[in-house]
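Text of protein.pdb (PDB, C-alpha atoms, pLDDT in the B column) as supplied:
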```pdb
ATOM      1  CA  MET X  93     -11.307  -9.410  18.185  1.00 63.00           C
ATOM      2  CA  GLY X  94     -13.966  -9.235  15.477  1.00 69.00           C
ATOM      3  CA  ALA X  95     -13.594  -7.694  12.054  1.00 74.00           C
ATOM      4  CA  ILE X  96     -15.956  -4.830  12.934  1.00 77.00           C
ATOM      5  CA  SER X  97     -13.938  -3.972  16.042  1.00 79.00           C
ATOM      6  CA  VAL X  98     -10.695  -3.960  14.070  1.00 81.00           C
ATOM      7  CA  THR X  99     -12.251  -1.682  11.437  1.00 83.00           C
ATOM      8  CA  LEU X 100     -13.528   0.733  14.097  1.00 86.00           C
ATOM      9  CA  ILE X 101     -10.116   0.855  15.792  1.00 88.00           C
ATOM     10  CA  ARG X 102      -8.400   1.545  12.471  1.00 86.00           C
ATOM     11  CA  PHE X 103     -10.944   4.272  11.694  1.00 88.00           C
ATOM     12  CA  ALA X 104     -10.407   5.847  15.117  1.00 91.00           C
ATOM     13  CA  ILE X 105      -6.615   5.797  14.689  1.00 90.00           C
ATOM     14  CA  VAL X 106      -6.858   7.502  11.282  1.00 89.00           C
ATOM     15  CA  ILE X 107      -9.300  10.137  12.566  1.00 91.00           C
ATOM     16  CA  GLY X 108      -7.123  10.733  15.627  1.00 91.00           C
ATOM     17  CA  PHE X 109      -4.016  11.133  13.466  1.00 89.00           C
ATOM     18  CA  PHE X 110      -5.643  13.745  11.233  1.00 86.00           C
ATOM     19  CA  ALA X 111      -7.131  15.568  14.239  1.00 91.00           C
ATOM     20  CA  LEU X 112      -3.726  15.711  15.953  1.00 91.00           C
ATOM     21  CA  TRP X 113      -2.142  16.891  12.701  1.00 83.00           C
ATOM     22  CA  GLU X 114      -4.715  19.682  12.376  1.00 86.00           C
ATOM     23  CA  ILE X 115      -4.173  20.782  15.980  1.00 89.00           C
ATOM     24  CA  ALA X 116      -0.370  20.657  15.766  1.00 86.00           C
ATOM     25  CA  SER X 117      -0.206  22.766  12.603  1.00 82.00           C
ATOM     26  CA  GLY X 118       0.290  26.394  13.571  1.00 79.00           C
ATOM     27  CA  ARG X 119       0.369  25.639  17.292  1.00 83.00           C
ATOM     28  CA  TRP X 120       3.322  23.318  17.839  1.00 83.00           C
ATOM     29  CA  ILE X 121       4.851  23.164  14.349  1.00 79.00           C
ATOM     30  CA  GLU X 122       5.073  25.819  11.648  1.00 78.00           C
ATOM     31  CA  PRO X 123       2.355  25.296   8.985  1.00 76.00           C
ATOM     32  CA  PHE X 124       4.789  25.655   6.077  1.00 73.00           C
ATOM     33  CA  LEU X 125       6.605  22.532   7.324  1.00 77.00           C
ATOM     34  CA  ILE X 126       3.672  20.111   7.675  1.00 79.00           C
ATOM     35  CA  SER X 127       0.643  22.047   6.363  1.00 79.00           C
ATOM     36  CA  SER X 128      -2.660  20.652   7.714  1.00 81.00           C
ATOM     37  CA  PRO X 129      -5.505  18.407   6.503  1.00 81.00           C
ATOM     38  CA  SER X 130      -7.827  21.387   6.051  1.00 85.00           C
ATOM     39  CA  ARG X 131      -5.260  23.305   3.970  1.00 85.00           C
ATOM     40  CA  ILE X 132      -4.521  20.201   1.880  1.00 82.00           C
ATOM     41  CA  PHE X 133      -8.222  19.629   1.209  1.00 84.00           C
ATOM     42  CA  THR X 134      -8.670  23.290   0.247  1.00 85.00           C
ATOM     43  CA  SER X 135      -5.656  23.128  -2.074  1.00 83.00           C
ATOM     44  CA  LEU X 136      -6.924  19.892  -3.618  1.00 81.00           C
ATOM     45  CA  PHE X 137     -10.342  21.417  -4.287  1.00 83.00           C
ATOM     46  CA  THR X 138      -8.819  24.596  -5.701  1.00 82.00           C
ATOM     47  CA  GLY X 139      -6.489  22.619  -7.971  1.00 78.00           C
ATOM     48  CA  PHE X 140      -9.312  20.543  -9.393  1.00 79.00           C
ATOM     49  CA  TYR X 141     -11.638  23.549  -9.723  1.00 80.00           C
ATOM     50  CA  SER X 142      -9.034  25.578 -11.642  1.00 80.00           C
ATOM     51  CA  GLY X 143      -8.120  22.609 -13.835  1.00 79.00           C
ATOM     52  CA  ASP X 144      -4.357  22.937 -13.198  1.00 80.00           C
ATOM     53  CA  LEU X 145      -4.116  19.751 -11.157  1.00 81.00           C
ATOM     54  CA  LEU X 146      -6.093  17.777 -13.709  1.00 84.00           C
ATOM     55  CA  GLN X 147      -3.769  18.985 -16.463  1.00 87.00           C
ATOM     56  CA  HIS X 148      -0.645  17.928 -14.559  1.00 84.00           C
ATOM     57  CA  THR X 149      -2.194  14.554 -13.712  1.00 85.00           C
ATOM     58  CA  TRP X 150      -3.231  13.975 -17.317  1.00 89.00           C
ATOM     59  CA  VAL X 151       0.308  14.626 -18.587  1.00 88.00           C
ATOM     60  CA  THR X 152       1.818  12.109 -16.153  1.00 88.00           C
ATOM     61  CA  PHE X 153      -0.912   9.600 -16.945  1.00 89.00           C
ATOM     62  CA  GLN X 154      -0.110   9.912 -20.661  1.00 90.00           C
ATOM     63  CA  GLU X 155       3.568   9.208 -20.002  1.00 90.00           C
ATOM     64  CA  VAL X 156       2.696   6.072 -18.016  1.00 92.00           C
ATOM     65  CA  ALA X 157      -0.035   4.990 -20.437  1.00 92.00           C
ATOM     66  CA  ILE X 158       2.431   5.041 -23.358  1.00 93.00           C
ATOM     67  CA  GLY X 159       5.604   3.765 -21.711  1.00 92.00           C
ATOM     68  CA  PHE X 160       4.086   1.063 -19.500  1.00 93.00           C
ATOM     69  CA  PRO X 161       2.359  -1.144 -22.108  1.00 93.00           C
ATOM     70  CA  VAL X 162       5.229  -0.806 -24.595  1.00 94.00           C
ATOM     71  CA  GLY X 163       7.784  -1.707 -21.929  1.00 94.00           C
ATOM     72  CA  ALA X 164       5.666  -4.579 -20.604  1.00 94.00           C
ATOM     73  CA  ILE X 165       5.066  -6.089 -24.053  1.00 94.00           C
ATOM     74  CA  ALA X 166       8.734  -5.738 -25.024  1.00 94.00           C
ATOM     75  CA  GLY X 167       9.906  -7.252 -21.736  1.00 93.00           C
ATOM     76  CA  ILE X 168       7.486 -10.180 -21.915  1.00 93.00           C
ATOM     77  CA  GLY X 169       8.283 -10.807 -25.575  1.00 92.00           C
ATOM     78  CA  LEU X 170      12.044 -10.776 -25.094  1.00 92.00           C
ATOM     79  CA  GLY X 171      11.816 -12.871 -21.928  1.00 91.00           C
ATOM     80  CA  TYR X 172       9.787 -15.433 -23.863  1.00 90.00           C
ATOM     81  CA  ALA X 173      12.261 -15.398 -26.764  1.00 90.00           C
ATOM     82  CA  PHE X 174      15.226 -15.920 -24.443  1.00 89.00           C
ATOM     83  CA  GLY X 175      13.401 -18.764 -22.723  1.00 86.00           C
ATOM     84  CA  ARG X 176      12.709 -20.491 -26.042  1.00 82.00           C
ATOM     85  CA  SER X 177      16.157 -19.965 -27.553  1.00 84.00           C
ATOM     86  CA  ARG X 178      19.179 -21.174 -25.615  1.00 83.00           C
ATOM     87  CA  VAL X 179      21.470 -19.454 -28.134  1.00 87.00           C
ATOM     88  CA  LEU X 180      19.886 -16.046 -27.554  1.00 84.00           C
ATOM     89  CA  ALA X 181      20.060 -16.531 -23.804  1.00 83.00           C
ATOM     90  CA  ASP X 182      23.719 -17.543 -23.856  1.00 84.00           C
ATOM     91  CA  ILE X 183      24.698 -14.558 -26.006  1.00 86.00           C
ATOM     92  CA  PHE X 184      22.600 -11.742 -24.569  1.00 85.00           C
ATOM     93  CA  GLU X 185      21.811 -12.748 -20.972  1.00 81.00           C
ATOM     94  CA  PRO X 186      25.077 -11.311 -19.533  1.00 85.00           C
ATOM     95  CA  ILE X 187      24.503  -8.093 -21.471  1.00 86.00           C
ATOM     96  CA  ILE X 188      20.931  -7.714 -20.190  1.00 84.00           C
ATOM     97  CA  ILE X 189      22.065  -8.419 -16.626  1.00 82.00           C
ATOM     98  CA  ALA X 190      24.817  -5.797 -16.937  1.00 84.00           C
ATOM     99  CA  LEU X 191      22.357  -3.217 -18.269  1.00 81.00           C
ATOM    100  CA  ASN X 192      19.969  -4.055 -15.451  1.00 79.00           C
ATOM    101  CA  GLY X 193      22.668  -3.032 -12.979  1.00 79.00           C
ATOM    102  CA  ILE X 194      22.513   0.565 -14.215  1.00 77.00           C
ATOM    103  CA  PRO X 195      20.149   2.704 -12.093  1.00 76.00           C
ATOM    104  CA  ARG X 196      17.360   3.472 -14.549  1.00 71.00           C
ATOM    105  CA  THR X 197      16.196   6.634 -12.803  1.00 70.00           C
ATOM    106  CA  ALA X 198      19.746   7.978 -13.066  1.00 75.00           C
ATOM    107  CA  LEU X 199      19.337   7.806 -16.845  1.00 78.00           C
ATOM    108  CA  ALA X 200      16.508  10.366 -16.743  1.00 80.00           C
ATOM    109  CA  PRO X 201      18.868  13.295 -17.500  1.00 81.00           C
ATOM    110  CA  LEU X 202      20.199  11.439 -20.549  1.00 83.00           C
ATOM    111  CA  PHE X 203      16.692  10.840 -21.873  1.00 84.00           C
ATOM    112  CA  ILE X 204      15.972  14.530 -21.428  1.00 83.00           C
ATOM    113  CA  VAL X 205      19.115  15.384 -23.430  1.00 83.00           C
ATOM    114  CA  TRP X 206      18.133  12.911 -26.162  1.00 85.00           C
ATOM    115  CA  LEU X 207      14.371  13.466 -26.276  1.00 85.00           C
ATOM    116  CA  GLY X 208      13.855  16.916 -24.761  1.00 84.00           C
ATOM    117  CA  ILE X 209      11.880  17.991 -21.702  1.00 83.00           C
ATOM    118  CA  GLY X 210       8.534  16.946 -23.162  1.00 84.00           C
ATOM    119  CA  VAL X 211       6.531  13.771 -22.727  1.00 87.00           C
ATOM    120  CA  TRP X 212       8.812  11.403 -24.641  1.00 89.00           C
ATOM    121  CA  SER X 213      11.806  11.631 -22.296  1.00 88.00           C
ATOM    122  CA  LYS X 214       9.576  10.472 -19.427  1.00 89.00           C
ATOM    123  CA  VAL X 215       8.099   7.753 -21.630  1.00 91.00           C
ATOM    124  CA  GLY X 216      11.653   6.484 -22.136  1.00 90.00           C
ATOM    125  CA  VAL X 217      12.277   6.237 -18.385  1.00 90.00           C
ATOM    126  CA  VAL X 218       8.934   4.488 -17.842  1.00 92.00           C
ATOM    127  CA  PHE X 219       9.743   2.069 -20.661  1.00 93.00           C
ATOM    128  CA  LEU X 220      13.098   1.083 -19.140  1.00 90.00           C
ATOM    129  CA  LEU X 221      11.716   0.532 -15.638  1.00 90.00           C
ATOM    130  CA  THR X 222       8.823  -1.516 -16.962  1.00 93.00           C
ATOM    131  CA  PHE X 223      10.868  -3.487 -19.490  1.00 93.00           C
ATOM    132  CA  PHE X 224      13.428  -4.965 -17.124  1.00 91.00           C
ATOM    133  CA  LEU X 225      10.903  -6.012 -14.469  1.00 92.00           C
ATOM    134  CA  ASN X 226       8.727  -7.795 -17.023  1.00 94.00           C
ATOM    135  CA  PHE X 227      11.687  -9.299 -18.853  1.00 93.00           C
ATOM    136  CA  PHE X 228      13.249 -10.929 -15.810  1.00 91.00           C
ATOM    137  CA  ASN X 229       9.922 -12.194 -14.449  1.00 92.00           C
ATOM    138  CA  THR X 230       8.965 -13.735 -17.788  1.00 92.00           C
ATOM    139  CA  TYR X 231      12.426 -15.177 -18.360  1.00 91.00           C
ATOM    140  CA  THR X 232      12.408 -16.688 -14.870  1.00 90.00           C
ATOM    141  CA  GLY X 233       9.030 -18.249 -15.604  1.00 89.00           C
ATOM    142  CA  MET X 234      10.375 -19.740 -18.823  1.00 87.00           C
ATOM    143  CA  ARG X 235      13.379 -21.178 -16.986  1.00 86.00           C
ATOM    144  CA  GLN X 236      11.200 -22.626 -14.208  1.00 84.00           C
ATOM    145  CA  MET X 237       8.562 -24.084 -16.547  1.00 81.00           C
ATOM    146  CA  ASP X 238       8.388 -27.866 -16.726  1.00 75.00           C
ATOM    147  CA  GLN X 239       9.653 -28.738 -20.209  1.00 75.00           C
ATOM    148  CA  GLU X 240       7.592 -31.921 -20.154  1.00 75.00           C
ATOM    149  CA  TYR X 241       4.449 -29.863 -20.818  1.00 70.00           C
ATOM    150  CA  VAL X 242       5.963 -28.464 -24.009  1.00 74.00           C
ATOM    151  CA  ASP X 243       7.315 -31.846 -25.112  1.00 72.00           C
ATOM    152  CA  LEU X 244       3.991 -33.563 -24.517  1.00 75.00           C
ATOM    153  CA  ALA X 245       2.066 -30.865 -26.382  1.00 75.00           C
ATOM    154  CA  SER X 246       4.526 -31.105 -29.283  1.00 73.00           C
ATOM    155  CA  LEU X 247       4.019 -34.869 -29.456  1.00 72.00           C
ATOM    156  CA  MET X 248       0.278 -34.244 -29.683  1.00 74.00           C
ATOM    157  CA  GLY X 249       0.822 -31.976 -32.691  1.00 71.00           C
ATOM    158  CA  VAL X 250       0.476 -28.604 -30.935  1.00 69.00           C
ATOM    159  CA  LYS X 251       2.858 -26.143 -32.574  1.00 72.00           C
ATOM    160  CA  GLY X 252       3.419 -22.472 -33.310  1.00 73.00           C
ATOM    161  CA  TRP X 253       1.037 -19.955 -31.794  1.00 77.00           C
ATOM    162  CA  LYS X 254      -1.162 -22.659 -30.278  1.00 76.00           C
ATOM    163  CA  LEU X 255       1.800 -24.001 -28.327  1.00 77.00           C
ATOM    164  CA  THR X 256       2.670 -20.498 -27.160  1.00 77.00           C
ATOM    165  CA  PHE X 257      -0.780 -19.341 -26.053  1.00 78.00           C
ATOM    166  CA  LYS X 258      -2.360 -22.617 -24.971  1.00 78.00           C
ATOM    167  CA  VAL X 259       0.584 -24.280 -23.221  1.00 76.00           C
ATOM    168  CA  ILE X 260       3.505 -21.964 -22.491  1.00 81.00           C
ATOM    169  CA  PHE X 261       1.802 -18.725 -21.467  1.00 82.00           C
ATOM    170  CA  PRO X 262      -0.730 -20.440 -19.152  1.00 83.00           C
ATOM    171  CA  ALA X 263       2.224 -22.195 -17.489  1.00 84.00           C
ATOM    172  CA  ILE X 264       4.200 -18.983 -16.931  1.00 87.00           C
ATOM    173  CA  SER X 265       1.224 -16.665 -16.352  1.00 87.00           C
ATOM    174  CA  PRO X 266       1.890 -16.258 -12.582  1.00 89.00           C
ATOM    175  CA  TYR X 267       5.358 -14.908 -13.381  1.00 91.00           C
ATOM    176  CA  VAL X 268       4.052 -12.668 -16.167  1.00 92.00           C
ATOM    177  CA  PHE X 269       1.277 -11.157 -14.055  1.00 92.00           C
ATOM    178  CA  THR X 270       3.653 -10.659 -11.135  1.00 91.00           C
ATOM    179  CA  GLY X 271       5.978  -8.706 -13.410  1.00 91.00           C
ATOM    180  CA  ILE X 272       3.138  -6.569 -14.720  1.00 91.00           C
ATOM    181  CA  ARG X 273       1.718  -5.914 -11.271  1.00 90.00           C
ATOM    182  CA  THR X 274       5.045  -4.975  -9.698  1.00 89.00           C
ATOM    183  CA  SER X 275       6.039  -2.737 -12.608  1.00 90.00           C
ATOM    184  CA  ILE X 276       2.967  -0.487 -12.319  1.00 88.00           C
ATOM    185  CA  PRO X 277       4.219   1.576  -9.338  1.00 87.00           C
ATOM    186  CA  PHE X 278       7.712   1.709 -10.831  1.00 88.00           C
ATOM    187  CA  ALA X 279       6.250   3.098 -14.058  1.00 90.00           C
ATOM    188  CA  VAL X 280       4.633   5.935 -12.124  1.00 88.00           C
ATOM    189  CA  ILE X 281       7.868   6.513 -10.187  1.00 86.00           C
ATOM    190  CA  GLY X 282       9.786   6.712 -13.479  1.00 87.00           C
ATOM    191  CA  ALA X 283       7.451   9.362 -14.860  1.00 88.00           C
ATOM    192  CA  ILE X 284       7.564  11.388 -11.631  1.00 87.00           C
ATOM    193  CA  VAL X 285      11.386  11.225 -11.418  1.00 86.00           C
ATOM    194  CA  GLY X 286      11.684  12.365 -15.023  1.00 86.00           C
ATOM    195  CA  GLU X 287       9.422  15.311 -14.258  1.00 85.00           C
ATOM    196  CA  PHE X 288      11.485  16.144 -11.177  1.00 83.00           C
ATOM    197  CA  VAL X 289      14.603  16.439 -13.336  1.00 82.00           C
ATOM    198  CA  ALA X 290      13.180  18.652 -16.083  1.00 79.00           C
ATOM    199  CA  ALA X 291       9.610  19.316 -17.154  1.00 81.00           C
ATOM    200  CA  THR X 292       7.126  22.093 -17.661  1.00 81.00           C
ATOM    201  CA  GLU X 293       4.075  20.098 -16.550  1.00 85.00           C
ATOM    202  CA  GLY X 294       3.166  16.860 -14.811  1.00 83.00           C
ATOM    203  CA  VAL X 295       2.690  15.730 -11.211  1.00 84.00           C
ATOM    204  CA  GLY X 296       6.450  15.625 -10.559  1.00 83.00           C
ATOM    205  CA  PHE X 297       6.821  19.172 -11.873  1.00 82.00           C
ATOM    206  CA  PHE X 298       3.873  20.264  -9.712  1.00 83.00           C
ATOM    207  CA  ILE X 299       5.460  18.762  -6.567  1.00 81.00           C
ATOM    208  CA  ARG X 300       8.897  20.260  -7.335  1.00 82.00           C
ATOM    209  CA  MET X 301       7.444  23.687  -8.077  1.00 81.00           C
ATOM    210  CA  SER X 302       5.312  23.658  -4.911  1.00 80.00           C
ATOM    211  CA  ALA X 303       8.240  22.573  -2.735  1.00 75.00           C
ATOM    212  CA  GLY X 304      10.416  25.297  -4.231  1.00 74.00           C
ATOM    213  CA  ILE X 305       8.054  28.017  -3.038  1.00 68.00           C
ATOM    214  CA  PHE X 306       7.215  26.252   0.271  1.00 70.00           C
ATOM    215  CA  ARG X 307       3.602  25.509  -0.606  1.00 72.00           C
ATOM    216  CA  THR X 308       3.514  22.382   1.547  1.00 78.00           C
ATOM    217  CA  ALA X 309      -0.202  21.799   1.073  1.00 73.00           C
ATOM    218  CA  ASP X 310       0.293  21.585  -2.682  1.00 72.00           C
ATOM    219  CA  VAL X 311       3.192  19.148  -2.173  1.00 75.00           C
ATOM    220  CA  PHE X 312       0.866  16.821  -0.254  1.00 73.00           C
ATOM    221  CA  VAL X 313      -1.766  17.240  -2.966  1.00 75.00           C
ATOM    222  CA  GLY X 314       0.814  16.174  -5.545  1.00 70.00           C
ATOM    223  CA  ILE X 315       1.677  13.115  -3.446  1.00 74.00           C
ATOM    224  CA  ILE X 316      -2.026  12.235  -3.231  1.00 72.00           C
ATOM    225  CA  GLU X 317      -2.279  12.533  -6.997  1.00 67.00           C
ATOM    226  CA  LYS X 318       0.756  10.272  -7.364  1.00 67.00           C
ATOM    227  CA  ARG X 319      -0.965   7.595  -5.287  1.00 66.00           C
ATOM    228  CA  ALA X 320      -4.201   8.021  -7.221  1.00 66.00           C
ATOM    229  CA  LEU X 321      -2.317   7.751 -10.502  1.00 67.00           C
ATOM    230  CA  ARG X 322      -0.895   4.349  -9.479  1.00 61.00           C
ATOM    231  CA  TRP X 323      -4.400   3.144  -8.697  1.00 54.00           C
ATOM    232  CA  GLN X 324      -5.798   4.471 -11.976  1.00 53.00           C
ATOM    233  CA  THR X 325      -3.069   2.756 -13.992  1.00 55.00           C
ATOM    234  CA  GLN X 326      -3.556  -0.546 -12.169  1.00 54.00           C
ATOM    235  CA  THR X 327      -7.339  -0.370 -12.573  1.00 49.00           C
ATOM    236  CA  GLU X 328      -7.000   0.294 -16.297  1.00 47.00           C
ATOM    237  CA  HIS X 329      -4.642  -2.684 -16.607  1.00 48.00           C
ATOM    238  CA  ILE X 330      -7.084  -4.969 -14.775  1.00 40.00           C
ATOM    239  CA  GLN X 331      -9.881  -3.870 -17.096  1.00 42.00           C
ATOM    240  CA  ILE X 332      -7.714  -4.618 -20.134  1.00 37.00           C
ATOM    241  CA  GLN X 333      -6.931  -8.091 -18.750  1.00 44.00           C
ATOM    242  CA  ALA X 334     -10.620  -8.766 -18.159  1.00 36.00           C
TER
END
```

Let me see the structure of the file written as structure tokens.
Amino acid sequence: MGAISVTLIRFAIVIGFFALWEIASGRWIEPFLISSPSRIFTSLFTGFYSGDLLQHTWVTFQEVAIGFPVGAIAGIGLGYAFGRSRVLADIFEPIIIALNGIPRTALAPLFIVWLGIGVWSKVGVVFLLTFFLNFFNTYTGMRQMDQEYVDLASLMGVKGWKLTFKVIFPAISPYVFTGIRTSIPFAVIGAIVGEFVAATEGVGFFIRMSAGIFRTADVFVGIIEKRALRWQTQTEHIQIQA
């Protein structure tokens, strides 16, 4: 089967799904349970036109935009330091592993107690989720790296920052980029979970508020915004890398 045929079949399946959803809503299933594509589109347009949805999305994006890079840099830096220092690894590795066993999203209420219901409590949750993923990926890369590269470069007189950025980081870059890439959706999840717990604005707050008053169309709009927010964050990160 050719690529065009596969694309057409996929397109037909998607169109058929949305058509069946539209027909079922109000006829076979109550609209407040599943809403409908037309209601969701109308709610999405209304939210953007009024500016409310953009405001909620911007708040969540700020939380991710602050917590994600700080957590990623801290995780990569500490993973690199542990990989370079056997003493640090021996002392702190069991502690880091024990802390990693704590469900980070369960700490969201504590961050809200410590930092309030504003942006910074969600930044803290995003930081934790991002930090551990990047730390363990970087540290694994350091442990898996062939030490002969470092020894050979040292014999050739490469030291300090040149050794780090011209030898070590190119060698572990697949692990580093995997950690960054996998932590992007978790960063968004952290911000949303924090907003579910306690917030006055943000996509998570918007979804929770809409679900509480059975505005199912708005709940789906919030989910769409959550997906779009992941894409926006990943696109921004790719642009920074480039």

#### Entry: Surrounding residues of segment 306-314 of chain X excluding itself and chain neighbours under 3 positions, 7 Å, all atoms listed in the file, as an MDAnalysis selection string
chainID X and resid 124:127 131:132 135:136 295 298:299 302:303 317:318

### Query
Exactly which residues make up the result of the PyMOL selection byres ((chain X and resi 204) around 10) on this file, given as a ChimeraX atom specification?
/X:199-203,205-214,216-217,286-287,289-291

Tyr231 of chain X surroundings by all atoms listed in the file, 10 Å radius, close-in-sequence under 3 positions cut, as a PDB file with C-alpha atoms, in the coordinates of the input:
```pdb
ATOM      1  CA  GLY X 167       9.906  -7.252 -21.736  1.00 93.00           C
ATOM      2  CA  ILE X 168       7.486 -10.180 -21.915  1.00 93.00           C
ATOM      3  CA  GLY X 169       8.283 -10.807 -25.575  1.00 92.00           C
ATOM      4  CA  LEU X 170      12.044 -10.776 -25.094  1.00 92.00           C
ATOM      5  CA  GLY X 171      11.816 -12.871 -21.928  1.00 91.00           C
ATOM      6  CA  TYR X 172       9.787 -15.433 -23.863  1.00 90.00           C
ATOM      7  CA  ALA X 173      12.261 -15.398 -26.764  1.00 90.00           C
ATOM      8  CA  PHE X 174      15.226 -15.920 -24.443  1.00 89.00           C
ATOM      9  CA  GLY X 175      13.401 -18.764 -22.723  1.00 86.00           C
ATOM     10  CA  ARG X 176      12.709 -20.491 -26.042  1.00 82.00           C
ATOM     11  CA  ALA X 181      20.060 -16.531 -23.804  1.00 83.00           C
ATOM     12  CA  ASN X 226       8.727  -7.795 -17.023  1.00 94.00           C
ATOM     13  CA  PHE X 227      11.687  -9.299 -18.853  1.00 93.00           C
ATOM     14  CA  PHE X 228      13.249 -10.929 -15.810  1.00 91.00           C
ATOM     15  CA  MET X 234      10.375 -19.740 -18.823  1.00 87.00           C
ATOM     16  CA  ARG X 235      13.379 -21.178 -16.986  1.00 86.00           C
ATOM     17  CA  GLN X 236      11.200 -22.626 -14.208  1.00 84.00           C
ATOM     18  CA  MET X 237       8.562 -24.084 -16.547  1.00 81.00           C
ATOM     19  CA  ILE X 264       4.200 -18.983 -16.931  1.00 87.00           C
ATOM     20  CA  TYR X 267       5.358 -14.908 -13.381  1.00 91.00           C
ATOM     21  CA  VAL X 268       4.052 -12.668 -16.167  1.00 92.00           C
TER      22      VAL X 268
END
```

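With all atoms listed in the file as the basis for measurement, X:Ile260 is the residue among X:Ser275, X:Thr232, X:Gly139, X:Ile260 that approaches Ala245 of chain X most closely.
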
### Task
Go ahead and compute the interatomic distance for atom CA of Ile121 of chain X and atom CA of Phe137 of chain X, in Å to one decimal.
24.1 Å

### Within 10 Å of Asp144 of chain X using all atoms listed in the file, minus same-chain residues under 4 positions, as a PyMOL selection string
chain X and resi 138-140+148-150+293-294+298

Keeping only C-alpha atoms, write those residues as a short mmCIF file (atom, residue, chain, number, x, y, z; two decimals), in the coordinates of the input.
```cif
data_model
loop_
_atom_site.label_atom_id
_atom_site.label_comp_id
_atom_site.auth_asym_id
_atom_site.auth_seq_id
_atom_site.Cartn_x
_atom_site.Cartn_y
_atom_site.Cartn_z
CA THR X 138 -8.82 24.60 -5.70
CA GLY X 139 -6.49 22.62 -7.97
CA PHE X 140 -9.31 20.54 -9.39
CA HIS X 148 -0.64 17.93 -14.56
CA THR X 149 -2.19 14.55 -13.71
CA TRP X 150 -3.23 13.98 -17.32
CA GLU X 293 4.08 20.10 -16.55
CA GLY X 294 3.17 16.86 -14.81
CA PHE X 298 3.87 20.26 -9.71
#
```

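The interatomic distance for the pair atom CA of Thr99 of chain X and atom CA of Ala111 of chain X works out to 18.2 Å.
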
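With atom CA of Leu191 of chain X on one side and atom CA of Phe288 of chain X on the other, the separation reads 23.3 Å.
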
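Counting all atoms listed in the file, the residue from X:Ile115, X:Val218, X:Ala263, X:Ala279 that sits nearest to Gly233 of chain X is X:Ala263.
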
### Query
Could you spell out the hits of the PyMOL selection byres ((chain X and resi 222) around 8) on the shown file, as a count of residues only?
18

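Restricting the calculation to all atoms listed in the file, the smallest distance between Thr274 of chain X and any of X:Val259, X:Lys251, X:Ile105, X:Asn229 is found for X:Asn229.
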
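Between Val285 of chain X and the candidates X:Ser117, X:Val98, X:Ser246, X:Thr152, the tightest atom-to-atom separation, counting only C-alpha atoms, involves X:Thr152.
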
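Among the candidate residues X:Ile194, X:Val215, X:Ile107, X:Met248, the one lying nearest to Val151 of chain X is X:Val215, with distances computed using only C-alpha atoms.
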